[in-house]
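Shown next: work-v7.cif, given as mmCIF, C-alpha atoms.
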```cif
data_model
loop_
_atom_site.label_atom_id
_atom_site.label_comp_id
_atom_site.auth_asym_id
_atom_site.auth_seq_id
_atom_site.Cartn_x
_atom_site.Cartn_y
_atom_site.Cartn_z
CA ASP A 1406 0.29 36.63 14.65
CA ALA A 1407 -0.49 35.24 11.19
CA ILE A 1408 -0.85 31.72 12.63
CA GLU A 1409 -3.14 32.91 15.42
CA ALA A 1410 -5.23 34.89 12.91
CA VAL A 1411 -5.93 31.75 10.84
CA VAL A 1412 -7.61 29.99 13.79
CA ALA A 1413 -9.07 33.02 15.61
CA PRO A 1414 -11.19 33.09 17.69
CA HIS A 1415 -10.87 29.33 18.32
CA GLY A 1416 -7.22 29.13 19.41
CA ARG A 1417 -7.80 28.17 23.03
CA LYS A 1418 -10.52 25.63 22.15
CA LEU A 1419 -8.16 23.94 19.68
CA ILE A 1420 -5.41 23.77 22.29
CA ASP A 1421 -7.83 22.19 24.78
CA LEU A 1422 -8.81 19.70 22.07
CA TYR A 1423 -5.15 18.88 21.41
CA PHE A 1424 -4.38 18.20 25.07
CA ARG A 1425 -7.57 16.17 25.51
CA ILE A 1426 -7.16 13.89 22.49
CA VAL A 1427 -3.64 13.96 21.02
CA HIS A 1428 -1.39 14.67 23.97
CA PRO A 1429 -2.14 11.72 26.32
CA ALA A 1430 -0.87 9.09 23.85
CA PHE A 1431 1.88 11.29 22.34
CA PRO A 1432 3.26 13.26 25.32
CA ILE A 1433 6.09 15.23 23.72
CA ILE A 1434 5.06 18.67 25.03
CA GLN A 1435 5.22 20.00 28.60
CA LYS A 1436 1.48 20.61 29.01
CA HIS A 1437 1.51 23.08 31.91
CA VAL A 1438 4.38 25.11 30.48
CA PHE A 1439 2.56 25.33 27.15
CA LEU A 1440 -0.71 26.43 28.75
CA GLU A 1441 1.01 29.00 30.98
CA LYS A 1442 2.74 30.53 27.97
CA TYR A 1443 -0.50 30.66 26.00
CA GLU A 1444 -2.31 32.40 28.86
CA ARG A 1445 0.33 35.13 28.71
CA SER A 1446 0.56 35.46 24.92
CA HIS A 1447 0.71 33.34 21.77
CA ARG A 1448 3.83 35.33 20.89
CA GLU A 1449 5.81 33.39 23.51
CA PHE A 1450 5.90 30.36 21.20
CA SER A 1451 8.16 29.45 18.35
CA PRO A 1452 5.73 29.79 15.40
CA PRO A 1453 6.01 26.19 14.06
CA ILE A 1454 5.10 24.54 17.39
CA LEU A 1455 1.96 26.70 17.74
CA ALA A 1456 0.90 25.94 14.16
CA ALA A 1457 1.62 22.20 14.58
CA VAL A 1458 -0.59 21.95 17.66
CA TYR A 1459 -3.40 23.73 15.79
CA ILE A 1460 -3.04 21.54 12.69
CA LEU A 1461 -3.30 18.29 14.67
CA ALA A 1462 -6.17 19.59 16.80
CA ILE A 1463 -8.16 20.53 13.68
CA ASN A 1464 -8.15 16.81 12.73
CA TRP A 1465 -10.46 16.35 15.74
CA TRP A 1466 -12.68 19.37 15.01
CA GLU A 1467 -15.85 17.23 15.09
CA GLN A 1468 -15.05 16.06 18.63
CA SER A 1469 -15.76 19.50 20.08
CA GLU A 1470 -19.41 20.34 20.63
CA GLU A 1471 -18.58 24.04 20.39
CA LEU A 1472 -16.60 23.78 17.15
CA SER A 1473 -18.24 20.98 15.17
CA SER A 1474 -20.99 23.16 13.67
CA LEU A 1475 -18.57 25.96 12.68
CA PRO A 1476 -16.44 26.20 9.50
CA ARG A 1477 -12.90 24.85 9.91
CA PRO A 1478 -9.87 27.14 9.72
CA ASN A 1479 -7.73 27.18 6.56
CA VAL A 1480 -5.44 24.17 7.11
CA GLN A 1481 -3.53 24.78 3.86
CA GLU A 1482 -2.56 28.25 5.07
CA LEU A 1483 -1.44 26.81 8.42
CA GLU A 1484 0.67 24.22 6.62
CA ARG A 1485 2.27 26.91 4.45
CA LEU A 1486 3.13 28.94 7.55
CA ILE A 1487 4.48 25.99 9.53
CA ARG A 1488 6.72 24.76 6.72
CA ARG A 1489 8.16 28.23 6.16
CA THR A 1490 8.73 28.94 9.86
CA LEU A 1491 10.05 25.42 10.52
CA ALA A 1492 12.65 25.89 7.79
CA ASP A 1493 13.69 29.14 9.50
CA ALA A 1494 13.84 27.47 12.92
CA MET A 1495 16.11 24.69 11.62
CA ASN A 1496 18.92 27.22 11.17
CA ARG A 1497 19.09 27.63 14.97
CA PRO A 1498 17.15 24.62 16.25
CA LYS A 1499 15.71 24.13 19.74
CA LEU A 1500 13.74 21.30 21.29
CA SER A 1501 10.56 23.04 20.11
CA THR A 1502 11.81 22.59 16.51
CA ILE A 1503 11.83 18.81 17.03
CA GLN A 1504 8.41 18.97 18.70
CA ALA A 1505 6.92 20.89 15.76
CA GLY A 1506 8.50 18.57 13.19
CA LEU A 1507 7.26 15.45 14.98
CA LEU A 1508 3.73 16.82 15.28
CA LEU A 1509 3.67 17.80 11.62
CA SER A 1510 4.81 14.25 10.78
CA GLN A 1511 1.65 12.84 12.39
CA ARG A 1512 -0.47 14.48 9.69
CA PRO A 1513 -2.11 11.73 7.62
CA GLU A 1514 -1.28 13.42 4.30
CA GLY A 1515 2.04 13.70 2.51
CA ASP A 1516 5.43 12.01 2.26
CA GLN A 1517 7.34 12.64 5.49
CA TRP A 1518 10.48 10.61 4.81
CA ALA A 1519 12.83 13.42 3.77
CA PRO A 1520 11.65 15.69 6.64
CA THR A 1521 12.29 12.77 9.04
CA ALA A 1522 15.93 12.73 7.91
CA GLN A 1523 16.17 16.44 8.72
CA LEU A 1524 14.61 15.90 12.15
CA VAL A 1525 17.06 13.10 12.97
CA ALA A 1526 19.98 15.33 11.97
CA ILE A 1527 18.67 18.21 14.10
CA GLY A 1528 18.07 15.80 16.98
CA GLN A 1529 21.71 14.72 16.80
CA GLU A 1530 22.78 18.37 16.72
CA LEU A 1531 20.82 18.89 19.95
CA GLY A 1532 22.25 15.71 21.51
CA LEU A 1533 18.97 13.78 21.63
CA HIS A 1534 20.80 10.55 20.71
CA LEU A 1535 22.94 10.78 23.88
CA ASP A 1536 22.28 9.73 27.48
CA CYS A 1537 21.57 12.99 29.31
CA SER A 1538 21.36 11.38 32.78
CA ASN A 1539 24.45 13.16 34.13
CA TRP A 1540 23.99 16.47 32.34
CA LYS A 1541 23.64 19.62 34.41
CA ILE A 1542 20.08 20.34 33.30
CA PRO A 1543 16.78 20.26 35.26
CA PRO A 1544 15.08 16.85 35.74
CA TRP A 1545 12.05 17.97 33.66
CA GLU A 1546 14.32 18.64 30.67
CA LYS A 1547 15.94 15.23 30.99
CA GLY A 1548 12.50 13.63 30.87
CA LEU A 1549 11.42 15.78 27.94
CA ARG A 1550 14.62 14.97 26.04
CA ARG A 1551 14.07 11.22 26.51
CA ARG A 1552 10.44 11.43 25.39
CA LEU A 1553 11.41 13.47 22.34
CA ALA A 1554 14.31 11.14 21.53
CA TRP A 1555 12.10 8.05 21.60
CA ALA A 1556 9.35 9.80 19.60
CA LEU A 1557 12.01 10.61 16.98
CA TYR A 1558 13.19 6.98 17.10
CA MET A 1559 9.64 5.78 16.43
CA GLN A 1560 9.19 8.24 13.58
CA ASP A 1561 12.41 7.02 11.98
CA LYS A 1562 11.72 3.28 12.33
CA TRP A 1563 8.08 3.33 11.23
CA GLY A 1564 8.94 5.74 8.41
CA ALA A 1565 11.62 3.31 7.21
CA LEU A 1566 9.02 0.51 7.14
CA VAL A 1567 6.25 2.52 5.49
CA HIS A 1568 8.47 4.12 2.83
CA GLY A 1569 10.81 1.16 2.29
CA ARG A 1570 13.91 3.25 3.03
CA PRO A 1571 17.04 2.69 5.15
CA SER A 1572 16.65 3.88 8.75
CA HIS A 1573 18.68 6.94 9.81
CA ILE A 1574 19.16 5.87 13.45
CA CYS A 1575 21.49 2.96 14.19
CA SER A 1576 21.71 1.17 17.53
CA SER A 1577 25.51 1.57 17.77
CA ASN A 1578 25.09 5.36 18.02
CA TRP A 1579 21.97 5.44 20.19
CA GLY A 1580 22.62 5.96 23.89
CA VAL A 1581 19.19 7.03 25.17
CA ARG A 1582 17.98 5.30 28.33
CA PRO A 1583 14.63 3.46 28.21
CA LEU A 1584 11.64 5.48 29.41
CA SER A 1585 10.62 5.29 33.05
CA PRO A 1586 7.69 6.85 34.97
CA ASN A 1587 10.10 9.57 36.18
CA ASP A 1588 10.46 10.83 32.61
CA PHE A 1589 6.88 12.15 32.62
CA PRO A 1590 5.61 15.25 34.48
CA ASP A 1591 4.41 14.54 38.03
CA VAL A 1592 0.85 15.82 37.54
CA GLU A 1593 -0.84 16.78 34.28
CA TRP A 1594 -4.49 16.51 35.18
CA ASP A 1595 -7.15 18.29 37.18
CA GLU A 1596 -7.63 16.57 40.56
CA ASN A 1597 -11.41 16.61 40.04
CA GLU A 1598 -11.22 14.99 36.60
CA SER A 1599 -10.86 11.22 37.03
CA ASP A 1600 -11.40 10.58 33.30
CA GLU A 1601 -8.57 12.95 32.40
CA LYS A 1602 -6.25 11.29 34.89
CA GLU A 1603 -7.13 7.85 33.50
CA ASP A 1604 -6.50 8.96 29.89
CA ILE A 1605 -3.10 10.48 30.70
CA GLU A 1606 -1.92 7.52 32.78
CA ARG A 1607 -3.01 5.08 30.07
CA GLY A 1608 -1.42 7.29 27.42
CA ARG A 1609 1.96 7.22 29.17
CA LEU A 1610 1.80 3.44 29.40
CA LEU A 1611 0.77 3.28 25.75
CA PHE A 1612 3.61 5.55 24.61
CA THR A 1613 6.17 3.48 26.54
CA ARG A 1614 4.87 0.21 25.07
CA VAL A 1615 4.93 1.53 21.50
CA VAL A 1616 8.55 2.61 22.03
CA GLN A 1617 9.38 -0.96 23.11
CA LEU A 1618 7.56 -2.38 20.07
CA SER A 1619 9.46 0.03 17.81
CA GLY A 1620 12.69 -1.46 19.15
CA ILE A 1621 11.53 -4.92 18.04
CA LEU A 1622 10.54 -3.53 14.65
CA ALA A 1623 14.01 -1.98 14.35
CA GLU A 1624 15.56 -5.40 14.99
CA ILE A 1625 13.36 -6.96 12.27
CA LEU A 1626 14.32 -4.26 9.76
CA GLU A 1627 18.02 -4.64 10.63
CA THR A 1628 17.93 -8.45 10.53
CA PHE A 1629 15.88 -8.99 7.38
CA TYR A 1630 15.49 -5.82 5.31
CA THR A 1631 18.93 -4.22 4.96
CA LEU A 1632 20.92 -4.63 1.75
CA GLN A 1633 23.53 -6.63 3.66
CA SER A 1634 21.04 -9.06 5.23
CA THR A 1635 19.23 -9.54 1.92
CA THR A 1636 22.53 -10.47 0.26
CA THR A 1637 23.44 -12.85 3.11
CA ILE A 1638 20.12 -14.70 2.82
CA SER A 1639 20.35 -14.80 -0.97
CA ASP A 1640 23.91 -16.18 -0.82
CA ALA A 1641 22.70 -19.02 1.42
CA GLY A 1642 20.91 -20.51 -1.60
CA GLN A 1643 18.86 -23.58 -0.73
CA GLN A 1644 19.53 -22.97 2.96
CA GLY A 1645 18.10 -19.44 2.77
CA THR A 1646 14.73 -20.34 4.27
CA HIS A 1647 16.31 -22.26 7.15
CA LEU A 1648 18.53 -19.24 7.81
CA VAL A 1649 15.52 -16.90 7.81
CA LEU A 1650 13.60 -19.17 10.19
CA SER A 1651 16.55 -19.45 12.58
CA MET A 1652 16.95 -15.64 12.63
CA ALA A 1653 13.21 -15.10 13.02
CA LYS A 1654 12.74 -17.33 16.06
CA PRO A 1655 14.35 -15.07 18.72
CA VAL A 1656 12.52 -12.03 17.34
CA GLN A 1657 9.22 -13.92 17.36
CA LEU A 1658 9.79 -14.82 21.01
CA LYS A 1659 10.38 -11.14 21.84
CA LEU A 1660 7.15 -10.19 20.09
CA LYS A 1661 5.24 -12.90 21.94
CA GLU A 1662 6.69 -11.76 25.27
CA TRP A 1663 5.86 -8.12 24.48
CA TYR A 1664 2.25 -8.94 23.64
CA GLY A 1665 1.85 -11.27 26.60
CA GLY A 1666 3.11 -8.52 28.93
CA LEU A 1667 0.54 -5.92 27.88
CA PRO A 1668 -1.39 -4.62 30.91
CA ALA A 1669 -5.16 -5.12 30.96
CA THR A 1670 -5.89 -1.45 30.24
CA LEU A 1671 -4.12 -1.71 26.87
CA ARG A 1672 -5.74 -4.97 25.73
CA LEU A 1673 -8.49 -4.97 23.14
CA GLU A 1674 -10.61 -7.23 25.34
CA SER A 1675 -10.96 -4.41 27.86
CA TYR A 1676 -12.74 -2.37 25.17
CA SER A 1677 -15.27 -4.97 24.12
CA SER A 1678 -18.88 -3.79 24.10
CA SER A 1679 -19.69 -5.92 27.12
CA SER A 1680 -17.18 -4.07 29.28
CA TYR A 1681 -18.71 -0.65 28.71
CA SER A 1682 -21.11 0.64 31.29
CA PRO A 1683 -24.09 2.64 29.95
CA SER A 1684 -22.84 5.80 31.67
CA ARG A 1685 -19.39 5.37 30.12
CA ALA A 1686 -20.81 4.73 26.65
CA THR A 1687 -22.75 7.97 26.62
CA THR A 1688 -19.70 10.13 27.38
CA ASN A 1689 -18.42 9.60 23.81
CA ARG A 1690 -14.84 9.21 25.06
CA LEU A 1691 -12.27 8.08 22.57
CA SER A 1692 -9.79 5.26 23.08
CA SER A 1693 -6.20 5.65 21.88
CA ILE A 1694 -5.14 1.98 22.07
CA GLY A 1695 -6.05 1.24 18.44
CA TYR A 1696 -2.73 2.42 17.04
CA LEU A 1697 -0.84 0.18 19.48
CA HIS A 1698 -2.57 -2.93 18.14
CA LEU A 1699 -2.29 -1.85 14.50
CA ALA A 1700 1.44 -1.37 15.12
CA TYR A 1701 1.70 -4.84 16.68
CA PHE A 1702 -0.05 -6.50 13.72
CA ALA A 1703 2.14 -4.55 11.29
CA THR A 1704 5.26 -5.77 13.12
CA GLU A 1705 4.09 -9.41 13.02
CA ILE A 1706 3.25 -9.08 9.32
CA THR A 1707 6.67 -7.53 8.57
CA LEU A 1708 8.38 -10.53 10.15
CA HIS A 1709 6.18 -13.15 8.48
CA ARG A 1710 6.33 -11.40 5.11
CA ARG A 1711 10.07 -12.10 5.02
CA ILE A 1712 9.51 -15.78 5.83
CA ILE A 1713 6.84 -16.11 3.13
CA ARG A 1714 9.05 -14.33 0.59
CA SER A 1715 11.81 -16.82 1.30
CA LEU A 1716 9.42 -19.78 0.98
CA ALA A 1717 8.06 -18.42 -2.30
CA SER A 1718 11.51 -18.11 -3.85
CA ASN A 1719 12.73 -21.47 -2.47
CA SER A 1720 9.61 -23.65 -2.38
CA SER A 1721 11.52 -26.87 -3.09
CA SER A 1722 13.97 -26.43 -0.21
CA VAL A 1723 11.47 -26.73 2.63
CA ASP A 1724 8.82 -29.27 3.49
#
```

Is it possible to give me this structure as structure tokens?
Amino acid sequence: DAIEAVVAPHGRKLIDLYFRIVHPAFPIIQKHVFLEKYERSHREFSPPILAAVYILAINWWEQSEELSSLPRPNVQELERLIRRTLADAMNRPKLSTIQAGLLLSQRPEGDQWAPTAQLVAIGQELGLHLDCSNWKIPPWEKGLRRRLAWALYMQDKWGALVHGRPSHICSSNWGVRPLSPNDFPDVEWDENESDEKEDIERGRLLFTRVVQLSGILAEILETFYTLQSTTTISDAGQQGTHLVLSMAKPVQLKLKEWYGGLPATLRLESYSSSSYSPSRATTNRLSSIGYLHLAYFATEITLHRRIIRSLASNSSSVD
């Protein structure tokens, strides 16, 4: 009730904003289940998941014609409520606890590394690191578990890069199957809304591709940025740069193959000004592919940074 009071009377508009802008490219919530619950009562939700959806939606306040001219809700109060209720939920965690934690982690402010460690631990407690293919649970829950598991994987790997910390998830204890189209809900859009259908289909493709890229990033971090690998390269002395280059080549080929395999709808060229029709340009629709390409450039830079570091420390050993 306190959470709903902070955003009242704009709760439903914020939820619509969340599912229009955030959800397509980060599909970790069952949209129809969420909306059905909200139609009945906001009390059907675990408090942190409701607050997390509101907090992320408020980031896009200006994108709603109805909301943009109105004063924003008190985000600090929402954050206080979500952190308190999330701490309570962690004592008896559910999948919604992971959802809330992941959504809160997408906030642009604040250090999220320690909370990521908590989320990984809770995910393991809930079995998100395991292959649930043969579990006696409904197909929709299997799909949700895989999407949540890979979202947690991404949060861990990119957090490790951004904060310069050791990753909490290791490949030897990660049994989750790669995402497939069957892991997403059958229909999440209005049949009469072609734009909505296009956004959700592109978002699923985008999410899957970022998961794949995160796997390559994980390999780079494991190969070049662990304490053990740093020591191995250092111990190679004058041959250190040659060792780095030999280890980098297979990863570079994977990155090249990943980028070359991007479908047309996810390529930057498809969003050049010449490709926009006048009618499309006036709809003020947002594109979510930017973060995919920023992530790709960051991964390339992370690989080449290690090569340059080795060259800088061993400039006489390489022509």

Practice task
Have a look at CA of Ser1577 in chain A and CA of Tyr1558 in chain A and let me know their distance in Å, one decimal.
Solution key: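 The value is 13.5 Å.
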
Problem - Spatial neighbours of range 1696-1709 of chain A, max dist 7 Å, all atoms listed in the file, sep filter under 6 positions, as JSON, numbers by chain - result: {"A": [1615, 1622, 1625]}

Skip Leu1419 in chain A itself and residues of its chain fewer than 6 positions away, then list as a PDB file with C-alpha atoms, in the frame of the given file all residues within 8 Å of it, counting only C-alpha atoms.
```
ATOM      1  CA  TYR A1459      -3.400  23.730  15.790  1.00  0.00           C
ATOM      2  CA  ALA A1462      -6.170  19.590  16.800  1.00  0.00           C
ATOM      3  CA  ILE A1463      -8.160  20.530  13.680  1.00  0.00           C
ATOM      4  CA  TRP A1466     -12.680  19.370  15.010  1.00  0.00           C
TER       5      TRP A1466
END
```

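Checking A:Gly1645, A:Pro1520, A:Pro1478, A:Gly1528 one by one against Pro1414 in chain A, counting only C-alpha atoms, you find the shortest gap at A:Pro1478.
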
Practice task
Taking the file as shown, find all residues satisfying the PyMOL selection byres ((chain A and resi 1503-1515) around 6) and write them as a ChimeraX atom specification.
Solution key: /A:1453-1454,1457,1500-1502,1516

Handout entry: For Gln1435 in chain A, the nearest of the candidates A:Glu1674, A:Glu1482, A:Glu1546, A:Asp1600, counting all atoms listed in the file
Key = A:Glu1546

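Against the coordinates shown, the PyMOL selection byres ((chain A and resi 1529) around 12) returns Pro1498, Lys1499, Leu1500, Ile1503, Ala1522, Gln1523, Leu1524, Val1525, Ala1526, Ile1527, Gly1528, Glu1530, Leu1531, Gly1532, Leu1533, His1534, Leu1535, Asp1536, Arg1550, Leu1553, Ala1554, Leu1557, Tyr1558, His1573, Ile1574, Asn1578, Trp1579, Gly1580 and Val1581 of chain A.
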
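Minimum atom-to-atom distance to Phe1629 in chain A, evaluated using all atoms listed in the file, belongs to A:Leu1566 out of A:Leu1566, A:Leu1486, A:Val1592, A:Leu1667.
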
Exercise for the section: Considering all atoms listed in the file, return as a PyMOL selection string whatever protein or nucleic-acid residues lie within 10 Å of Glu1484 in chain A, sequence-local ones (same chain, fewer than 4 positions apart) excluded. Expected result: chain A and resi 1408+1453+1456-1457+1460+1479-1480+1488-1490+1509

Handout entry: Atom pair CA of Gly1416 in chain A / CA of Leu1691 in chain A: separation (Å)
Key =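 About the pair CA of Gly1416 in chain A and CA of Leu1691 in chain A: they are 21.9 Å apart.
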
Problem - Atom-to-atom span, CA of Gly1608 in chain A and CA of Val1427 in chain A, Å - result: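 A separation of 9.5 Å between them.
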
Exercise for the section: Find the residue from A:Ser1715, A:Ser1451, A:Asn1539, A:Thr1521 that sits nearest to Gly1642 in chain A; use only C-alpha atoms when measuring. Expected result: A:Ser1715

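Of the residues listed (A:Arg1425, A:Arg1417, A:Lys1436, A:Arg1551), A:Arg1551 shows the shortest atom-to-atom separation from Pro1586 in chain A; distances use only C-alpha atoms.
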